>>> print(open('work27.json').read())   # JSON, C-alpha atoms and all ligand atoms
[["chain", "number", "residue", "atom", "x", "y", "z"],
["A", 1, "MET", "CA", -22.13, -7.78, -14.82],
["A", 2, "LYS", "CA", -19.78, -5.11, -16.14],
["A", 3, "SER", "CA", -16.05, -5.81, -16.75],
["A", 4, "VAL", "CA", -13.08, -3.69, -17.74],
["A", 5, "VAL", "CA", -9.49, -4.91, -18.12],
["A", 6, "ILE", "CA", -6.66, -2.62, -17.08],
["A", 7, "ASN", "CA", -3.00, -3.70, -16.67],
["A", 8, "LYS", "CA", -4.16, -7.31, -17.24],
["A", 9, "ILE", "CA", -6.44, -7.07, -14.18],
["A", 10, "THR", "CA", -10.19, -7.45, -14.65],
["A", 11, "ILE", "CA", -12.37, -5.08, -12.64],
["A", 12, "GLN", "CA", -16.02, -6.11, -12.41],
["A", 13, "CYS", "CA", -19.23, -4.98, -10.80],
["A", 14, "VAL", "CA", -22.21, -7.26, -10.26],
["A", 15, "LEU", "CA", -25.59, -7.03, -8.59],
["A", 16, "GLY", "CA", -25.75, -9.82, -6.01],
["A", 17, "ASP", "CA", -24.81, -11.32, -2.67],
["A", 18, "ILE", "CA", -21.20, -11.39, -1.47],
["A", 19, "THR", "CA", -21.69, -14.89, -0.02],
["A", 20, "LYS", "CA", -22.65, -16.25, -3.46],
["A", 21, "GLN", "CA", -19.46, -15.74, -5.47],
["A", 22, "PRO", "CA", -18.18, -19.32, -5.87],
["A", 23, "ASP", "CA", -15.62, -18.47, -8.58],
["A", 24, "ILE", "CA", -13.79, -16.02, -6.28],
["A", 25, "GLU", "CA", -10.89, -17.00, -3.99],
["A", 26, "ALA", "CA", -11.35, -14.35, -1.26],
["A", 27, "ILE", "CA", -14.37, -12.30, -0.24],
["A", 28, "VAL", "CA", -14.14, -9.15, 1.86],
["A", 29, "ASN", "CA", -16.17, -8.69, 5.02],
["A", 30, "ALA", "CA", -17.40, -5.19, 5.98],
["A", 31, "ALA", "CA", -16.60, -6.19, 9.55],
["A", 32, "ASN", "CA", -17.24, -4.73, 13.00],
["A", 33, "ALA", "CA", -14.31, -4.17, 15.39],
["A", 34, "TRP", "CA", -15.00, -7.38, 17.33],
["A", 35, "LEU", "CA", -15.28, -9.52, 14.18],
["A", 36, "LYS", "CA", -18.65, -10.76, 15.48],
["A", 37, "PRO", "CA", -21.48, -11.78, 13.13],
["A", 38, "GLY", "CA", -23.73, -8.69, 13.59],
["A", 39, "GLY", "CA", -25.92, -7.63, 10.63],
["A", 40, "GLY", "CA", -25.44, -6.71, 6.97],
["A", 41, "VAL", "CA", -22.50, -8.23, 5.12],
["A", 42, "SER", "CA", -20.90, -9.56, 8.29],
["A", 43, "GLY", "CA", -24.07, -11.37, 9.41],
["A", 44, "ALA", "CA", -24.48, -12.94, 5.97],
["A", 45, "ILE", "CA", -20.82, -14.05, 5.82],
["A", 46, "HIS", "CA", -20.86, -15.61, 9.31],
["A", 47, "ARG", "CA", -24.17, -17.39, 8.61],
["A", 48, "ALA", "CA", -22.81, -18.87, 5.40],
["A", 49, "ALA", "CA", -19.37, -19.72, 6.82],
["A", 50, "GLY", "CA", -20.64, -21.38, 10.03],
["A", 51, "PRO", "CA", -19.49, -21.05, 13.67],
["A", 52, "GLU", "CA", -15.84, -21.98, 13.01],
["A", 53, "LEU", "CA", -15.34, -18.57, 11.44],
["A", 54, "GLU", "CA", -16.28, -16.73, 14.63],
["A", 55, "LYS", "CA", -13.86, -18.96, 16.57],
["A", 56, "GLU", "CA", -10.94, -18.07, 14.31],
["A", 57, "CYS", "CA", -11.96, -14.38, 14.37],
["A", 58, "LYS", "CA", -11.66, -14.26, 18.18],
["A", 59, "LYS", "CA", -7.89, -14.60, 17.81],
["A", 60, "TYR", "CA", -7.62, -11.31, 15.94],
["A", 61, "SER", "CA", -10.25, -9.07, 17.54],
["A", 62, "PRO", "CA", -10.62, -6.21, 18.17],
["A", 63, "ILE", "CA", -9.33, -4.62, 14.97],
["A", 64, "LYS", "CA", -8.79, -0.92, 14.29],
["A", 65, "VAL", "CA", -10.47, 1.17, 11.59],
["A", 66, "ALA", "CA", -9.05, 0.26, 8.15],
["A", 67, "GLU", "CA", -7.18, -2.76, 9.55],
["A", 68, "ALA", "CA", -7.54, -5.98, 7.52],
["A", 69, "VAL", "CA", -7.17, -9.57, 8.74],
["A", 70, "ILE", "CA", -7.43, -12.83, 6.83],
["A", 71, "THR", "CA", -9.20, -16.05, 7.87],
["A", 72, "LYS", "CA", -10.31, -19.24, 6.18],
["A", 73, "GLY", "CA", -13.72, -19.32, 4.46],
["A", 74, "TYR", "CA", -15.04, -22.50, 6.14],
["A", 75, "ASN", "CA", -18.46, -23.38, 4.63],
["A", 76, "LEU", "CA", -18.32, -20.50, 2.18],
["A", 77, "PRO", "CA", -17.43, -21.40, -1.41],
["A", 78, "ASN", "CA", -14.38, -19.13, -1.01],
["A", 79, "LYS", "CA", -11.00, -20.15, 0.38],
["A", 80, "TYR", "CA", -10.52, -16.96, 2.39],
["A", 81, "VAL", "CA", -12.37, -14.09, 4.04],
["A", 82, "ILE", "CA", -10.54, -10.79, 4.48],
["A", 83, "HIS", "CA", -12.19, -8.81, 7.28],
["A", 84, "CYS", "CA", -11.84, -5.04, 7.27],
["A", 85, "LEU", "CA", -13.35, -2.40, 9.58],
["A", 86, "GLY", "CA", -14.65, 0.57, 7.59],
["A", 87, "PRO", "CA", -14.90, 4.11, 9.03],
["A", 88, "ARG", "CA", -18.23, 5.24, 10.51],
["A", 89, "TYR", "CA", -19.27, 8.25, 8.45],
["A", 90, "GLY", "CA", -19.09, 11.50, 10.43],
["A", 91, "ILE", "CA", -17.38, 9.76, 13.36],
["A", 92, "ASP", "CA", -14.06, 8.17, 12.31],
["A", 93, "LYS", "CA", -12.05, 10.93, 10.66],
["A", 94, "PRO", "CA", -10.77, 11.67, 8.12],
["A", 95, "GLU", "CA", -13.27, 9.20, 6.70],
["A", 96, "GLU", "CA", -12.13, 9.42, 3.08],
["A", 97, "GLU", "CA", -8.53, 8.60, 3.94],
["A", 98, "LEU", "CA", -9.66, 5.79, 6.26],
["A", 99, "LEU", "CA", -11.90, 4.27, 3.58],
["A", 100, "ARG", "CA", -9.02, 4.53, 1.10],
["A", 101, "ARG", "CA", -6.80, 2.68, 3.61],
["A", 102, "CYS", "CA", -9.38, -0.13, 3.81],
["A", 103, "TYR", "CA", -9.08, -0.90, 0.09],
["A", 104, "ILE", "CA", -5.27, -0.54, 0.17],
["A", 105, "ASN", "CA", -4.83, -2.79, 3.21],
["A", 106, "VAL", "CA", -7.21, -5.46, 1.88],
["A", 107, "LEU", "CA", -5.59, -5.59, -1.55],
["A", 108, "ASN", "CA", -2.05, -5.65, -0.15],
["A", 109, "LEU", "CA", -2.96, -8.44, 2.28],
["A", 110, "ALA", "CA", -4.63, -10.42, -0.52],
["A", 111, "ASP", "CA", -1.66, -10.00, -2.82],
["A", 112, "LYS", "CA", 0.76, -11.01, -0.07],
["A", 113, "ASN", "CA", -1.26, -14.24, 0.27],
["A", 114, "LYS", "CA", -1.01, -14.83, -3.49],
["A", 115, "ILE", "CA", -4.77, -14.51, -3.91],
["A", 116, "THR", "CA", -5.79, -14.24, -7.57],
["A", 117, "SER", "CA", -9.44, -13.14, -7.28],
["A", 118, "ILE", "CA", -11.23, -11.01, -4.69],
["A", 119, "ALA", "CA", -14.77, -9.67, -4.18],
["A", 120, "PHE", "CA", -15.62, -6.52, -2.21],
["A", 121, "PRO", "CA", -18.92, -5.29, -0.80],
["A", 122, "ALA", "CA", -19.45, -1.51, -0.59],
["A", 123, "ILE", "CA", -17.58, -1.07, 2.72],
["A", 124, "SER", "CA", -19.08, 1.46, 5.20],
["A", 125, "THR", "CA", -22.19, 2.21, 3.08],
["A", 126, "GLY", "CA", -24.68, 0.28, 5.23],
["A", 127, "ALA", "CA", -24.83, 0.60, 9.01],
["A", 128, "PHE", "CA", -21.79, 2.93, 8.91],
["A", 129, "GLY", "CA", -23.66, 5.53, 6.82],
["A", 130, "TYR", "CA", -21.08, 6.47, 4.17],
["A", 131, "PRO", "CA", -22.97, 7.96, 1.17],
["A", 132, "ILE", "CA", -22.78, 5.44, -1.68],
["A", 133, "LYS", "CA", -21.69, 7.87, -4.41],
["A", 134, "GLU", "CA", -18.75, 9.22, -2.39],
["A", 135, "ALA", "CA", -17.78, 5.74, -1.18],
["A", 136, "THR", "CA", -17.84, 4.42, -4.76],
["A", 137, "GLU", "CA", -15.46, 7.14, -5.96],
["A", 138, "VAL", "CA", -13.05, 6.28, -3.16],
["A", 139, "ALA", "CA", -13.28, 2.52, -3.84],
["A", 140, "ILE", "CA", -12.75, 2.72, -7.60],
["A", 141, "SER", "CA", -10.03, 5.39, -7.56],
["A", 142, "THR", "CA", -8.06, 3.58, -4.85],
["A", 143, "VAL", "CA", -8.23, 0.25, -6.64],
["A", 144, "PHE", "CA", -7.23, 1.90, -9.92],
["A", 145, "GLU", "CA", -4.17, 3.54, -8.32],
["A", 146, "LEU", "CA", -3.04, 0.22, -6.85],
["A", 147, "LEU", "CA", -3.34, -1.91, -9.99],
["A", 148, "LYS", "CA", 0.27, -1.62, -11.09],
["A", 149, "GLU", "CA", 1.53, -2.81, -7.70],
["A", 150, "LEU", "CA", -0.48, -6.04, -7.60],
["A", 151, "LYS", "CA", 1.44, -9.18, -8.54],
["A", 152, "HIS", "CA", -1.08, -11.99, -8.06],
["A", 153, "ILE", "CA", -4.59, -10.52, -8.18],
["A", 154, "LYS", "CA", -6.22, -10.90, -11.59],
["A", 155, "ILE", "CA", -9.90, -10.30, -10.79],
["A", 156, "ILE", "CA", -11.33, -7.57, -8.54],
["A", 157, "ARG", "CA", -15.12, -7.79, -8.25],
["A", 158, "PHE", "CA", -17.46, -5.33, -6.54],
["A", 159, "VAL", "CA", -20.70, -6.96, -5.40],
["A", 160, "LEU", "CA", -23.60, -4.57, -4.93],
["A", 161, "PHE", "CA", -26.70, -5.52, -3.02],
["A", 162, "SER", "CA", -29.14, -3.05, -4.60],
["A", 163, "LYS", "CA", -29.86, -1.97, -8.17],
["A", 164, "GLU", "CA", -29.25, 1.69, -7.21],
["A", 165, "ASP", "CA", -25.80, 0.93, -5.81],
["A", 166, "PHE", "CA", -24.98, -1.24, -8.83],
["A", 167, "GLU", "CA", -25.87, 1.61, -11.23],
["A", 168, "ILE", "CA", -23.57, 3.98, -9.35],
["A", 169, "TYR", "CA", -20.66, 1.51, -9.57],
["A", 170, "LEU", "CA", -21.43, 0.88, -13.23],
["A", 171, "LYS", "CA", -21.07, 4.59, -14.05],
["A", 172, "GLU", "CA", -17.83, 4.89, -12.09],
["A", 173, "ILE", "CA", -16.30, 1.80, -13.74],
["A", 174, "GLU", "CA", -17.31, 3.04, -17.20],
["A", 175, "LYS", "CA", -15.23, 6.16, -16.52],
["A", 176, "LEU", "CA", -12.12, 3.95, -16.30],
["A", 177, "GLU", "CA", -12.59, 3.02, -19.97],
["A", 178, "GLU", "CA", -12.41, 6.65, -21.13],
["B", 201, "LIG", "P1", -20.89, -1.26, 7.09],
["B", 201, "LIG", "O1", -21.10, -1.51, 8.57],
["B", 201, "LIG", "O2", -19.42, -1.26, 6.70],
["B", 201, "LIG", "O3", -21.65, -0.07, 6.59],
["B", 201, "LIG", "P2", -22.93, -3.16, 6.07],
["B", 201, "LIG", "O4", -22.78, -4.64, 6.05],
["B", 201, "LIG", "O5", -23.94, -2.57, 6.99],
["B", 201, "LIG", "O6", -21.44, -2.59, 6.37],
["B", 201, "LIG", "O7", -23.23, -2.64, 4.59],
["B", 201, "LIG", "C1", -22.29, -2.46, 3.57],
["B", 201, "LIG", "C2", -22.97, -2.55, 2.22],
["B", 201, "LIG", "O8", -23.19, -3.91, 1.89],
["B", 201, "LIG", "C3", -24.34, -1.88, 2.14],
["B", 201, "LIG", "O9", -24.41, -1.17, 0.91],
["B", 201, "LIG", "C4", -25.32, -3.04, 2.16],
["B", 201, "LIG", "O10", -26.48, -2.75, 1.39],
["B", 201, "LIG", "C5", -24.54, -4.12, 1.45],
["B", 201, "LIG", "N1", -24.89, -5.52, 1.78],
["B", 201, "LIG", "C6", -25.63, -6.01, 2.80],
["B", 201, "LIG", "N2", -25.71, -7.36, 2.74],
["B", 201, "LIG", "C7", -24.98, -7.75, 1.66],
["B", 201, "LIG", "C8", -24.68, -9.01, 1.03],
["B", 201, "LIG", "N3", -25.13, -10.16, 1.54],
["B", 201, "LIG", "N4", -23.90, -9.00, -0.09],
["B", 201, "LIG", "C9", -23.44, -7.84, -0.61],
["B", 201, "LIG", "N5", -23.68, -6.63, -0.07],
["B", 201, "LIG", "C10", -24.45, -6.57, 1.04]]
>>> encode(input="work27.json", output="structure tokens")
Amino acid sequence: MKSVVINKITIQCVLGDITKQPDIEAIVNAANAWLKPGGGVSGAIHRAAGPELEKECKKYSPIKVAEAVITKGYNLPNKYVIHCLGPRYGIDKPEEELLRRCYINVLNLADKNKITSIAFPAISTGAFGYPIKEATEVAISTVFELLKELKHIKIIRFVLFSKEDFEIYLKEIEKLEE
């Protein structure tokens, strides 16, 4: 795990599974438009949360690209799940601005709900094909720009599923210390 503290907010990156972050209040789902289980992060979150999550999700679906909605966490160790639809690389344009909007909308929604800790997966970098290096730069720079506006969030954690992705986040977070 790597941590840096900026404006009294701790930014972390860890190698691991987004469904196994028991010390975090809200986890972010790299959702599909219909908020159905599907594969990747979404499949893992729905499996861990149980069928009640899909029931609540039905009320809000479909969602648009970069839109964020909040539900309870059910059987997850987290109180909330914030579902956000990332852009499909090469299809939903402009993808960089849309990915930026994902992080902004999720953080604003979390802060509005007085959430103090949140964990993100690398949105759009799986089935949606966004290259990890470019997506990481967007994620970190957007979060950094938003820090001074956040009133409640104290911990922002990025959870990476592979060693390669973790190393890329590590490098980008180290740049914040310079
Ligand atoms: P998207 O459709 O937005 O691309 P995916 O769920 O396919 O979302 O993948 C997003 C990223 O999350 C990928 O880098 C993938 O390797 C990673 N990932 C997959 N499962 C998990 C998990 N359980 N915890 C954390 N990250 C995961």
>>> residues_near_point(input="work27.json", point="(-20.0, -6.4, -14.7)", cutoff="6 Å", atoms="only C-alpha atoms", output="ChimeraX atom specification")
/A:1-3,12-14
>>> write_last_selection(input="work27.json", atoms="C-alpha atoms", output="compact mmCIF listing (two decimals), keeping the file's coordinate frame")
# COMPACT_ATOMS: atom_id res chain seq x y z
CA MET A 1 -22.13 -7.78 -14.82
CA LYS A 2 -19.78 -5.11 -16.14
CA SER A 3 -16.05 -5.81 -16.75
CA GLN A 12 -16.02 -6.11 -12.41
CA CYS A 13 -19.23 -4.98 -10.80
CA VAL A 14 -22.21 -7.26 -10.26
>>> residues_around(input="work27.json", residues="Pro62 (chain A)", least_positions_apart="4", cutoff="7 Å", atoms="all atoms listed in the file", output="list in words")
Ala33, Trp34 and Leu35 of chain A
>>> write_last_selection(input="work27.json", atoms="C-alpha atoms", output="compact mmCIF listing (two decimals), in the frame of the given file")
# COMPACT_ATOMS: atom_id res chain seq x y z
CA ALA A 33 -14.31 -4.17 15.39
CA TRP A 34 -15.00 -7.38 17.33
CA LEU A 35 -15.28 -9.52 14.18
>>> residues_around(input="work27.json", residues="Pro37 (chain A)", least_positions_apart="6", cutoff="8 Å", atoms="all atoms listed in the file", output="ChimeraX atom specification")
/A:43-47,54
>>> atom_distance(input="work27.json", atom1="CA of Ala48 (chain A)", atom2="atom C6 of ligand LIG 201 (chain B)")
13.4 Å
>>> residues_around(input="work27.json", residues="region 112-124 of chain A", least_positions_apart="2", cutoff="6 Å", atoms="only C-alpha atoms", output="ChimeraX atom specification")
/A:24-28,30,86,109-110,126,128,130,152-159
>>> closest_residue(input="work27.json", among="A:Gln21, A:Thr71, A:Asn7, A:Asn105", to="ligand LIG 201 (chain B)", atoms="all atoms listed in the file")
A:Gln21
>>> closest_residue(input="work27.json", among="A:Pro87, A:Pro94, A:Pro131, A:Gly40", to="ligand LIG 201 (chain B)", atoms="all atoms listed in the file")
A:Gly40
>>> atom_distance(input="work27.json", atom1="CA of Gly73 (chain A)", atom2="CA of Val138 (chain A)")
26.7 Å
>>> atom_distance(input="work27.json", atom1="CA of Ala139 (chain A)", atom2="CA of Leu99 (chain A)")
7.7 Å
>>> closest_residue(input="work27.json", among="A:Glu149, A:Glu52, A:Asp165, A:Asp92", to="ligand LIG 201 (chain B)", atoms="all atoms listed in the file")
A:Asp165
>>> closest_residue(input="work27.json", among="A:Thr10, A:Asn108, A:Thr142, A:Asn32", to="ligand LIG 201 (chain B)", atoms="only C-alpha atoms and all ligand atoms")
A:Asn32
>>> residues_around(input="work27.json", residues="Asp23 (chain A)", least_positions_apart="3", cutoff="9 Å", atoms="all atoms listed in the file", output="PyMOL selection string")
chain A and resi 20+77-78+117
>>> residues_near_point(input="work27.json", point="(-5.8, -1.5, 4.8)", cutoff="6 Å", atoms="only C-alpha atoms", output="VMD selection string")
chain A and resid 66 to 68 101 to 106
